[in-house]
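Heads up, upload_16.csv below (CSV, C-alpha atoms and all ligand atoms):
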```csv
chain,number,residue,atom,x,y,z
T,73,MET,CA,88.1,19.0,5.9
T,74,THR,CA,85.6,21.9,5.4
T,75,HIS,CA,83.5,22.9,8.4
T,76,PRO,CA,80.6,25.4,8.4
T,77,PHE,CA,82.1,27.4,11.3
T,78,LEU,CA,85.8,27.3,10.3
T,79,ASP,CA,88.1,28.8,7.7
T,80,LEU,CA,85.7,31.6,7.0
T,81,THR,CA,86.8,34.4,4.7
T,82,PRO,CA,87.1,37.8,6.5
T,83,LEU,CA,83.8,39.8,6.4
T,84,SER,CA,84.2,42.8,4.2
T,85,ALA,CA,83.4,46.4,5.2
T,86,ALA,CA,80.7,46.4,2.4
T,87,ARG,CA,79.0,43.3,3.8
T,88,PHE,CA,79.2,44.7,7.3
T,89,ALA,CA,77.6,48.0,6.2
T,90,ALA,CA,74.9,46.1,4.3
T,91,ILE,CA,74.0,44.1,7.5
T,92,GLU,CA,73.8,47.4,9.4
T,93,ASP,CA,71.4,48.8,6.7
T,94,ARG,CA,69.2,45.7,7.1
T,95,VAL,CA,69.1,46.2,10.8
T,96,ALA,CA,68.2,49.8,10.2
T,97,ARG,CA,65.3,48.7,8.0
T,98,LEU,CA,64.1,46.3,10.7
T,99,LEU,CA,64.0,49.3,13.1
T,100,GLY,CA,62.4,51.5,10.4
T,101,THR,CA,65.1,54.1,11.4
T,102,ARG,CA,67.0,56.8,9.5
T,103,GLN,CA,69.3,57.2,12.4
T,104,ASP,CA,72.8,55.7,12.3
T,105,VAL,CA,72.8,52.1,13.3
T,106,VAL,CA,76.0,50.8,14.9
T,107,ILE,CA,76.5,47.0,15.2
T,108,MET,CA,78.5,46.1,18.3
T,109,GLN,CA,80.7,43.1,18.5
T,110,GLY,CA,79.3,41.6,21.7
T,111,GLU,CA,76.2,40.7,23.6
T,112,ALA,CA,73.6,43.5,24.1
T,113,LEU,CA,75.2,44.6,27.4
T,114,LEU,CA,78.0,46.1,25.3
T,115,PRO,CA,75.9,48.8,23.6
T,116,LEU,CA,73.7,49.2,26.6
T,117,GLU,CA,76.7,50.1,28.7
T,118,GLY,CA,78.5,52.0,25.9
T,119,ALA,CA,75.5,54.2,25.3
T,120,ILE,CA,75.2,55.2,28.9
T,121,ARG,CA,78.9,55.8,29.4
T,122,GLY,CA,79.0,57.8,26.2
T,123,THR,CA,76.1,60.2,27.1
T,124,ALA,CA,76.0,60.4,30.9
T,125,GLY,CA,78.3,62.4,33.2
T,126,PRO,CA,78.4,64.4,36.4
T,127,GLY,CA,76.1,67.1,34.7
T,128,THR,CA,73.4,64.5,33.9
T,129,THR,CA,70.2,64.2,35.8
T,130,ALA,CA,68.7,60.8,34.8
T,131,LEU,CA,65.3,59.4,35.3
T,132,ASN,CA,65.9,55.7,35.5
T,133,VAL,CA,62.7,53.6,35.2
T,134,ILE,CA,63.0,50.2,36.9
T,135,THR,CA,60.5,47.6,35.7
T,136,GLY,CA,62.8,44.6,36.1
T,137,PRO,CA,66.4,43.7,36.7
T,138,TYR,CA,68.0,45.6,33.8
T,139,GLY,CA,66.8,48.9,35.1
T,140,GLN,CA,68.8,48.3,38.3
T,141,THR,CA,71.9,47.7,36.2
T,142,PHE,CA,71.4,50.9,34.2
T,143,GLY,CA,71.0,52.9,37.4
T,144,ASP,CA,74.3,51.5,38.7
T,145,TRP,CA,76.1,52.5,35.4
T,146,LEU,CA,74.5,56.0,35.5
T,147,ARG,CA,75.7,56.6,39.1
T,148,ASP,CA,79.1,55.2,38.2
T,149,CYS,CA,79.3,57.9,35.5
T,150,GLY,CA,78.6,60.6,38.1
T,151,ALA,CA,75.0,61.3,37.0
T,152,THR,CA,72.4,62.3,39.5
T,153,VAL,CA,69.9,59.4,39.3
T,154,ILE,CA,66.2,59.5,40.1
T,155,ASP,CA,64.9,55.9,40.2
T,156,LEU,CA,61.3,55.3,39.3
T,157,ALA,CA,60.6,51.7,40.4
T,158,VAL,CA,57.4,50.1,39.3
T,159,PRO,CA,56.1,46.8,40.7
T,160,PHE,CA,57.0,43.9,38.4
T,161,HIS,CA,53.3,43.0,38.0
T,162,THR,CA,52.6,46.1,36.0
T,163,ALA,CA,54.0,48.6,33.5
T,164,VAL,CA,55.1,52.2,34.0
T,165,THR,CA,52.7,54.9,32.7
T,166,ALA,CA,53.3,58.1,30.7
T,167,ASP,CA,51.6,60.0,33.6
T,168,GLN,CA,54.2,58.6,36.0
T,169,ILE,CA,57.0,59.9,33.7
T,170,ARG,CA,55.1,63.3,33.4
T,171,ASP,CA,54.9,63.5,37.2
T,172,ALA,CA,58.7,62.8,37.5
T,173,PHE,CA,59.5,65.7,35.1
T,174,ALA,CA,57.1,68.0,37.1
T,175,GLU,CA,58.9,67.1,40.3
T,176,HIS,CA,62.4,67.2,38.8
T,177,PRO,CA,62.4,69.6,35.7
T,178,GLU,CA,66.2,69.2,35.5
T,179,ILE,CA,65.9,65.6,34.2
T,180,ASP,CA,67.8,65.5,30.9
T,181,PHE,CA,68.1,61.7,30.3
T,182,VAL,CA,65.5,59.0,30.6
T,183,SER,CA,66.4,55.3,30.6
T,184,LEU,CA,63.7,52.7,30.0
T,185,VAL,CA,63.4,49.0,29.2
T,186,HIS,CA,60.8,48.4,26.6
T,187,ALA,CA,59.9,44.8,27.3
T,188,GLU,CA,61.3,42.7,30.2
T,189,ALA,CA,61.8,39.1,29.4
T,190,ALA,CA,62.7,38.6,33.1
T,191,THR,CA,59.5,40.0,34.5
T,192,GLY,CA,57.1,39.7,31.6
T,193,ASN,CA,55.9,43.3,31.4
T,194,THR,CA,56.1,45.8,28.5
T,195,ASN,CA,56.0,49.6,28.7
T,196,PRO,CA,54.1,52.1,26.5
T,197,VAL,CA,57.1,53.6,24.8
T,198,ALA,CA,55.2,55.7,22.2
T,199,GLU,CA,53.3,57.6,25.0
T,200,ILE,CA,56.3,57.9,27.2
T,201,GLY,CA,58.4,59.2,24.2
T,202,GLU,CA,55.9,62.0,23.7
T,203,VAL,CA,56.5,63.2,27.3
T,204,VAL,CA,60.3,62.8,27.0
T,205,ARG,CA,60.3,64.8,23.8
T,206,GLU,CA,58.2,67.6,25.4
T,207,HIS,CA,61.0,68.1,28.0
T,208,GLY,CA,63.8,67.7,25.5
T,209,ALA,CA,65.5,64.9,27.5
T,210,LEU,CA,67.6,62.2,25.8
T,211,PHE,CA,65.7,58.9,25.5
T,212,TYR,CA,67.6,55.7,26.0
T,213,LEU,CA,65.7,52.4,25.3
T,214,ASP,CA,66.5,48.8,25.9
T,215,ALA,CA,64.6,47.0,23.2
T,216,VAL,CA,66.5,43.7,23.4
T,217,ALA,CA,63.4,41.7,24.5
T,218,SER,CA,60.9,43.6,22.3
T,219,ILE,CA,62.5,43.6,18.9
T,220,GLY,CA,60.8,40.9,16.8
T,221,ALA,CA,58.0,40.4,19.4
T,222,GLU,CA,56.3,43.8,19.1
T,223,PRO,CA,56.8,47.0,17.2
T,224,VAL,CA,60.0,48.9,17.9
T,225,LEU,CA,60.0,52.3,16.2
T,226,PRO,CA,62.8,54.6,17.5
T,227,ASP,CA,62.2,57.4,15.0
T,228,ALA,CA,58.4,57.6,15.5
T,229,TRP,CA,58.8,57.4,19.3
T,230,GLY,CA,61.7,59.9,19.5
T,231,VAL,CA,64.2,57.3,20.9
T,232,ASP,CA,67.8,58.7,20.8
T,233,LEU,CA,69.5,55.4,21.7
T,234,CYS,CA,67.7,52.2,20.9
T,235,VAL,CA,69.6,49.0,21.7
T,236,ILE,CA,68.6,45.6,20.3
T,237,GLY,CA,70.1,42.1,20.5
T,238,ALA,CA,69.3,39.2,18.3
T,239,GLN,CA,69.0,36.5,21.0
T,240,LYS,CA,65.4,36.8,22.0
T,241,ALA,CA,62.5,37.2,19.5
T,242,MET,CA,64.8,37.5,16.5
T,243,GLY,CA,65.9,33.9,17.1
T,244,GLY,CA,69.5,34.9,16.4
T,245,PRO,CA,72.9,34.8,18.1
T,246,ALA,CA,73.7,36.5,21.4
T,247,GLY,CA,77.1,37.7,20.4
T,248,VAL,CA,76.2,40.7,18.4
T,249,SER,CA,73.9,43.6,19.1
T,250,ALA,CA,73.1,47.0,17.6
T,251,VAL,CA,72.2,50.5,18.7
T,252,SER,CA,70.5,53.3,16.7
T,253,VAL,CA,72.0,56.7,17.5
T,254,SER,CA,70.2,60.0,16.9
T,255,GLU,CA,72.0,63.3,16.0
T,256,ARG,CA,71.2,64.6,19.4
T,257,ALA,CA,72.8,61.6,21.1
T,258,TRP,CA,76.0,61.9,18.9
T,259,ALA,CA,76.1,65.6,20.0
T,260,ARG,CA,75.7,64.7,23.6
T,261,MET,CA,78.6,62.2,23.4
T,262,ALA,CA,80.9,64.5,21.5
T,263,ALA,CA,80.4,67.1,24.3
T,264,ASN,CA,81.0,64.6,27.0
T,265,PRO,CA,84.7,64.6,28.1
T,266,ARG,CA,84.1,61.3,29.9
T,267,ALA,CA,82.6,59.4,26.9
T,268,PRO,CA,84.8,56.4,26.2
T,269,ARG,CA,87.3,57.0,23.4
T,270,ARG,CA,89.8,54.5,21.9
T,271,SER,CA,87.8,51.9,23.9
T,272,TYR,CA,85.8,48.8,23.1
T,273,LEU,CA,82.9,50.5,24.8
T,274,SER,CA,83.2,53.6,22.6
T,275,LEU,CA,80.4,54.5,20.2
T,276,LEU,CA,82.3,57.7,19.3
T,277,ASP,CA,85.1,55.6,17.8
T,278,TRP,CA,82.6,54.0,15.4
T,279,LYS,CA,81.3,57.5,14.5
T,280,ALA,CA,84.7,58.9,13.8
T,281,ARG,CA,86.4,56.0,12.2
T,282,TRP,CA,83.6,54.1,10.5
T,283,ILE,CA,80.5,56.3,9.9
T,284,ASP,CA,82.2,59.6,9.1
T,285,GLY,CA,84.7,57.8,6.8
T,286,GLY,CA,81.8,56.5,4.7
T,287,ARG,CA,81.9,53.0,6.2
T,288,THR,CA,84.8,51.8,4.1
T,289,ALA,CA,87.3,50.6,6.8
T,290,LEU,CA,86.4,48.6,9.9
T,291,LEU,CA,87.9,49.3,13.3
T,292,HIS,CA,88.9,45.7,13.8
T,293,ALA,CA,88.3,42.3,12.3
T,294,PRO,CA,84.6,41.7,12.7
T,295,ALA,CA,83.2,38.7,14.6
T,296,GLN,CA,82.3,37.1,11.3
T,297,LEU,CA,80.4,34.1,12.7
T,298,GLU,CA,78.1,36.3,14.7
T,299,MET,CA,77.7,38.8,11.8
T,300,LEU,CA,76.7,36.0,9.4
T,301,ALA,CA,74.3,34.7,11.9
T,302,LEU,CA,72.8,38.2,12.5
T,303,GLU,CA,72.5,38.6,8.7
T,304,ALA,CA,70.8,35.2,8.4
T,305,CYS,CA,68.3,35.9,11.2
T,306,VAL,CA,67.3,39.3,9.8
T,307,GLU,CA,67.0,37.6,6.4
T,308,ARG,CA,64.6,35.0,7.9
T,309,ILE,CA,62.5,37.7,9.5
T,310,GLU,CA,62.3,39.5,6.2
T,311,ALA,CA,61.2,36.3,4.5
T,312,ASP,CA,58.6,35.4,7.1
T,313,GLY,CA,57.5,39.0,7.4
T,314,LEU,CA,58.1,41.0,10.6
T,315,GLU,CA,54.3,41.2,11.1
T,316,ALA,CA,54.0,37.5,11.1
T,317,VAL,CA,56.9,37.0,13.4
T,318,MET,CA,55.4,39.5,15.9
T,319,GLY,CA,52.0,37.8,15.4
T,320,ARG,CA,53.4,34.5,16.5
T,321,HIS,CA,54.8,36.0,19.7
T,322,ARG,CA,51.6,37.8,20.5
T,323,ALA,CA,49.6,34.6,19.9
T,324,ALA,CA,52.1,32.6,22.2
T,325,ALA,CA,51.7,35.2,24.9
T,326,LEU,CA,47.9,35.3,24.8
T,327,ALA,CA,47.6,31.5,24.6
T,328,THR,CA,50.0,31.1,27.6
T,329,ARG,CA,48.1,33.7,29.6
T,330,ALA,CA,44.7,32.3,28.9
T,331,GLY,CA,45.9,28.7,29.0
T,332,ALA,CA,47.4,29.2,32.5
T,333,VAL,CA,44.1,30.5,33.8
T,334,ALA,CA,42.3,27.5,32.3
T,335,LEU,CA,44.9,25.2,33.8
T,336,GLY,CA,44.0,26.3,37.3
T,337,GLY,CA,46.0,24.8,40.2
T,338,GLY,CA,46.3,28.3,41.5
T,339,LEU,CA,48.6,29.4,38.6
T,340,GLU,CA,47.9,33.1,37.7
T,341,PRO,CA,49.4,35.6,35.2
T,342,TYR,CA,52.1,37.5,37.1
T,343,VAL,CA,51.4,40.7,35.2
T,344,TYR,CA,47.8,41.7,36.2
T,345,GLU,CA,46.7,43.5,33.0
T,346,GLU,CA,47.0,41.9,29.6
T,347,ARG,CA,48.0,45.2,28.0
T,348,ASP,CA,51.0,45.3,30.3
T,349,ALA,CA,52.1,41.8,29.4
T,350,ALA,CA,55.1,41.4,27.0
T,351,PRO,CA,54.6,39.4,23.8
T,352,VAL,CA,58.1,38.0,24.2
T,353,ALA,CA,57.6,36.0,27.4
T,354,THR,CA,54.9,35.2,29.9
T,355,THR,CA,55.4,35.2,33.7
T,356,LEU,CA,53.1,33.2,36.0
T,357,ARG,CA,52.7,33.3,39.7
T,358,VAL,CA,52.5,30.0,41.6
T,359,PRO,CA,50.0,29.5,44.4
T,360,ALA,CA,51.1,30.2,48.0
T,361,GLY,CA,52.9,27.2,49.6
T,362,VAL,CA,54.4,26.2,46.2
T,363,VAL,CA,57.9,27.0,45.2
T,364,ALA,CA,58.2,28.1,41.5
T,365,SER,CA,61.7,26.8,41.0
T,366,GLU,CA,60.5,23.3,42.2
T,367,VAL,CA,57.6,23.4,39.7
T,368,VAL,CA,60.0,24.3,36.9
T,369,ALA,CA,62.5,21.7,37.9
T,370,ARG,CA,59.8,19.0,37.8
T,371,ALA,CA,58.5,20.3,34.4
T,372,LEU,CA,62.0,20.3,32.9
T,373,ALA,CA,62.8,16.9,34.3
T,374,ALA,CA,59.9,15.6,32.1
T,375,ASP,CA,61.1,17.6,29.1
T,376,PRO,CA,64.4,19.6,29.3
T,377,ALA,CA,63.8,21.3,25.9
T,378,LEU,CA,60.8,23.3,27.2
T,379,PRO,CA,61.3,27.1,27.3
T,380,LEU,CA,60.7,27.3,31.1
T,381,ALA,CA,62.7,29.0,33.8
T,382,ALA,CA,62.0,30.2,37.3
T,383,GLY,CA,62.3,33.9,38.1
T,384,GLY,CA,65.7,35.3,38.9
T,385,GLY,CA,66.9,35.9,42.5
T,386,ALA,CA,64.1,36.3,45.0
T,387,LEU,CA,61.5,35.8,42.3
T,388,ALA,CA,62.6,32.1,42.0
T,389,LYS,CA,60.1,31.3,44.8
T,390,GLU,CA,57.0,32.8,43.2
T,391,MET,CA,57.6,33.3,39.4
T,392,VAL,CA,57.6,30.9,36.5
T,393,ARG,CA,58.8,32.2,33.1
T,394,VAL,CA,57.6,30.8,29.9
T,395,ASN,CA,60.1,32.1,27.3
T,396,HIS,CA,58.0,31.5,24.2
T,397,TYR,CA,60.3,33.5,21.9
T,398,GLY,CA,62.2,32.9,18.7
T,399,VAL,CA,61.9,29.2,17.7
T,400,ASP,CA,59.6,28.7,20.8
T,401,ALA,CA,56.9,31.2,19.7
T,402,THR,CA,54.7,28.3,18.6
T,403,ALA,CA,51.6,26.5,19.7
T,404,GLY,CA,53.7,23.4,20.3
T,405,ALA,CA,56.0,25.1,22.8
T,406,VAL,CA,53.1,26.7,24.7
T,407,ARG,CA,51.2,23.4,24.8
T,408,GLY,CA,54.2,21.5,26.0
T,409,SER,CA,55.0,24.1,28.6
T,410,LEU,CA,51.4,24.2,30.1
T,411,ALA,CA,51.1,20.4,30.0
T,412,ALA,CA,54.4,20.0,31.9
T,413,LEU,CA,53.5,22.8,34.4
T,414,GLY,CA,50.2,21.1,34.9
T,415,ALA,CA,51.8,17.7,35.5
T,416,ALA,CA,54.2,19.3,37.9
T,417,LEU,CA,51.4,21.0,39.9
T,418,ALA,CA,49.4,17.8,39.9
T,419,GLY,CA,52.4,16.0,41.3
T,420,LEU,CA,52.4,18.5,44.2
T,421,GLY,CA,48.7,17.6,44.9
T,422,LEU,CA,47.1,20.6,43.1
T,423,ASP,CA,43.9,20.3,41.0
T,424,VAL,CA,44.6,21.1,37.3
T,425,GLU,CA,42.7,20.9,34.0
T,426,VAL,CA,45.4,20.1,31.5
T,427,GLU,CA,42.9,19.2,28.7
T,428,GLY,CA,41.0,22.4,29.2
T,429,ALA,CA,44.3,24.4,29.1
T,430,LEU,CA,45.4,22.8,25.8
T,431,ARG,CA,42.0,23.4,24.2
T,432,VAL,CA,42.4,27.1,25.0
T,433,VAL,CA,45.9,27.1,23.4
T,434,ASP,CA,44.6,25.4,20.3
T,435,GLY,CA,41.8,27.9,20.0
T,436,GLY,CA,44.3,30.8,20.0
T,437,GLY,CA,45.0,33.1,17.1
T,438,TRP,CA,47.8,31.0,15.5
T,439,ARG,CA,48.7,31.4,11.9
T,501,LIG,C1,67.7,39.4,27.5
T,501,LIG,C2,67.8,40.9,27.7
T,501,LIG,C3,69.0,41.6,27.7
T,501,LIG,C4,70.3,40.9,27.3
T,501,LIG,O1,70.8,40.3,28.5
T,501,LIG,P1,71.2,38.8,28.7
T,501,LIG,O2,71.0,38.7,30.2
T,501,LIG,O3,72.6,38.6,28.3
T,501,LIG,O4,70.2,37.9,28.0
T,501,LIG,C5,69.0,42.9,27.9
T,501,LIG,N1,67.9,43.6,28.2
T,501,LIG,C6,66.7,42.9,28.3
T,501,LIG,C7,65.5,43.7,28.6
T,501,LIG,C8,66.6,41.6,28.1
T,501,LIG,O5,65.4,40.9,28.2
```
Could you express the structure from this file as structure tokens?
Ligand SMILES: *Cc1c(COP(=O)(O)O)cnc(C)c1O
Amino acid sequence: MTHPFLDLTPLSAARFAAIEDRVARLLGTRQDVVIMQGEALLPLEGAIRGTAGPGTTALNVITGPYGQTFGDWLRDCGATVIDLAVPFHTAVTADQIRDAFAEHPEIDFVSLVHAEAATGNTNPVAEIGEVVREHGALFYLDAVASIGAEPVLPDAWGVDLCVIGAQKAMGGPAGVSAVSVSERAWARMAANPRAPRRSYLSLLDWKARWIDGGRTALLHAPAQLEMLALEACVERIEADGLEAVMGRHRAAALATRAGAVALGGGLEPYVYEERDAAPVATTLRVPAGVVASEVVARALAADPALPLAAGGGALAKEMVRVNHYGVDATAGAVRGSLAALGAALAGLGLDVEVEGALRVVDGGGWR
């Protein structure tokens, strides 16, 4: 019996290269794009281990949980790490980056998360990129949560290592990811004796055995199911138009933010300023005396399909996440989420205006 997932023919090198080219077009980059056969943490870790070592001084910007992880990897590589932690209700500014360089001119690596699905903020990468370039540091960016939801332009912004995954706004699979690599980043890796070689974490292996060979022979059998799904999701974005896909995410974020305010019940946008709020997901703060994970549990009991989650770790008490990305970047998902949160808050004795919130959502800039 035939089955859509089974008995697949092997994916050819030419098809693999064509999918890489499509991802490069999505990023508007002329840099090399390497597709990695794993969830986005694979290139995120591979890029740090490839470029950082005992001689590295890294400015690690922490605007959410991933920044913590990058700092741990950098320290593990022997780098000197300067952590710049920013409260989760805001974004980092280019001036803060400038100040860090003024205080530590030896910084030669900057790691930054573009948008944080986990904390709901987004950082001004274009402005930060200018500062990083002025100082000649290598610029590493986690764009997993921003790609598809807002512009990601590694070349224009001077990003040397830009990592994406398909599982958020692209609406694709979690099992493949990609990284664009600048010439400077390749040179840094080639000069790094500690860069992984002959390893699954190695980007240099892909450079030596795939890119430099003209992309004719793959290093190993590609994960064909994930590669086909990645191809399909990029194809769908091309068909819908990247602008339209980003527009849906922006509309979902604005409607969730404004709808939550209209809902009342003490619910507030977690990220204070709208310009710092990520289009990919909206975080909300519950009123004092209410536990966010309980509100979410009540809302999900009414409709388990809603894109709702409580914040991770200690944030589970105070933060509700509305993950309006991918297939959920719609008025319907936002409506359903706010209605369910409203019912949950009402069940806890709070005063809410569900009809008013839904009117705000319906009046949003949907296309
Ligand atoms: C989702 C996400 C990732 C990927 O990590 P998972 O926990 O596997 O989803 C990486 N970085 C950022 C900023 C993300 O939002």
Self-check item: Test item: residues no farther than 8 Å from ligand LIG 501 (chain T), counting only C-alpha atoms and all ligand atoms, as a list in words
Solution: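 Based on only C-alpha atoms and all ligand atoms, ligand LIG 501 (chain T) is surrounded within 8 Å by Glu111, Ala112, Leu113, Leu116, Tyr138, Val185, His186, Ala187, Glu188, Ala189, Ala190, Asp214, Ala215, Val216, Ala217, Ser218, Gly237, Gln239, Lys240 and Ala246 of chain T.
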Quiz item: Smallest atom-to-atom distance to Asp104 in chain T: which of T:Val197, T:Ile91, T:Lys279, T:Pro223, using only C-alpha atoms?
Solution: T:Lys279
Quiz item: When distances are computed from all atoms listed in the file, which of T:Gly247, T:Gly143, T:Ala157, T:Ala130 shows the smallest separation from Phe173 in chain T?
Solution: T:Ala130
Quiz prompt | Selected residue, from T:Leu356, T:Val424, T:Leu410, T:Ala332, that lies nearest to His161 in chain T when counting all atoms listed in the file | solution =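 Closest to His161 in chain T of all the choices is T:Leu356.
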Self-check item: Nearest to Arg329 in chain T, chosen from T:Gly285, T:Leu430, T:Leu297, T:Ser249, with all atoms listed in the file counted in the distances
Solution: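 Closest residue, counting all atoms listed in the file: T:Leu430.
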Self-check item: Local residues around (76.7, 36.7, 5.1), at most 12 Å away, using only C-alpha atoms, as a list in words
Solution: Leu80, Thr81, Pro82, Leu83, Ser84, Ala85, Ala86, Arg87, Phe88, Ala89, Ala90, Ile91, Glu92, Arg94, Ala295, Gln296, Leu297, Glu298, Met299, Leu300, Ala301, Leu302, Glu303, Ala304, Cys305, Val306 and Glu307 of chain T
Exercise. Extract, using all atoms listed in the file, all DNA, RNA and protein residues at most 12 Å from Pro351 in chain T, discarding same-chain residues fewer than 3 positions from it, and format them as a PyMOL selection string.
Key: chain T and resi 186-189+191-195+217-223+240-241+317-329+343+346-348+354-355+394-398+401
Quiz item: So how far away is CA of Arg205 in chain T from CA of Val253 in chain T, in Å?
Solution: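 So the answer is 15.6 Å.
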Quiz item: Nearest to Ala124 in chain T: which of T:Met261, T:Ile169, T:Leu156, T:Val95 is it, counting all atoms listed in the file?
Solution: T:Met261
Quiz prompt | T:Leu314, T:Met73, T:Val358, T:Val231 ranked by distance to Lys389 in chain T, top pick (using all atoms listed in the file) | solution =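 Of T:Leu314, T:Met73, T:Val358, T:Val231, the one nearest Lys389 in chain T, counting all atoms listed in the file, is T:Val358.
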Quiz prompt | Contacts of Val392 in chain T at 7 Å (all atoms listed in the file; same-chain gap of 3+ positions) as a PyMOL selection string | solution = chain T and resi 355-357+364+381-383
Quiz item: Could you tell me, as a PyMOL selection string, which residues have any atom at most 10 Å from (65.4, 67.4, 30.5), counting all atoms listed in the file?
Solution: chain T and resi 128-131+173+176-182+204-211
Dump of C-alpha atoms for the selected residues, as a PDB file, in the frame of the given file:
```pdb
ATOM      1  CA  THR T 128      73.400  64.500  33.900  1.00  0.00           C
ATOM      2  CA  THR T 129      70.200  64.200  35.800  1.00  0.00           C
ATOM      3  CA  ALA T 130      68.700  60.800  34.800  1.00  0.00           C
ATOM      4  CA  LEU T 131      65.300  59.400  35.300  1.00  0.00           C
ATOM      5  CA  PHE T 173      59.500  65.700  35.100  1.00  0.00           C
ATOM      6  CA  HIS T 176      62.400  67.200  38.800  1.00  0.00           C
ATOM      7  CA  PRO T 177      62.400  69.600  35.700  1.00  0.00           C
ATOM      8  CA  GLU T 178      66.200  69.200  35.500  1.00  0.00           C
ATOM      9  CA  ILE T 179      65.900  65.600  34.200  1.00  0.00           C
ATOM     10  CA  ASP T 180      67.800  65.500  30.900  1.00  0.00           C
ATOM     11  CA  PHE T 181      68.100  61.700  30.300  1.00  0.00           C
ATOM     12  CA  VAL T 182      65.500  59.000  30.600  1.00  0.00           C
ATOM     13  CA  VAL T 204      60.300  62.800  27.000  1.00  0.00           C
ATOM     14  CA  ARG T 205      60.300  64.800  23.800  1.00  0.00           C
ATOM     15  CA  GLU T 206      58.200  67.600  25.400  1.00  0.00           C
ATOM     16  CA  HIS T 207      61.000  68.100  28.000  1.00  0.00           C
ATOM     17  CA  GLY T 208      63.800  67.700  25.500  1.00  0.00           C
ATOM     18  CA  ALA T 209      65.500  64.900  27.500  1.00  0.00           C
ATOM     19  CA  LEU T 210      67.600  62.200  25.800  1.00  0.00           C
ATOM     20  CA  PHE T 211      65.700  58.900  25.500  1.00  0.00           C
TER      21      PHE T 211
END
```
Quiz item: Do you have the CA of Phe142 in chain T-CA of Ser183 in chain T distance handy?
Solution: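 Computing it gives 7.6 Å between the two atoms.
Every protein or nucleic acid residue with an atom no more than 8 Å from Leu413 in chain T, counting all atoms listed in the file and leaving out same-chain residues fewer than 5 positions away, appears here: Val367, Val368 and Ala371 of chain T.
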Pull C-alpha atoms from the residues just selected and write them as a tab-separated table (two decimals), in the frame of the given file.
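For reference, selection-v4.tsv as written:
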```
chain	number	residue	atom	x	y	z
T	367	VAL	CA	57.60	23.40	39.70
T	368	VAL	CA	60.00	24.30	36.90
T	371	ALA	CA	58.50	20.30	34.40
```
Practice problem: Can you pull out every residue within 8 Å of Val106 in chain T, counting all atoms listed in the file, but drop anything in the same chain fewer than 4 positions away, and send it as a list in words? | Solution: Glu92, Ala250, Val251, Ser252, Val253, Leu275 and Trp278 of chain T
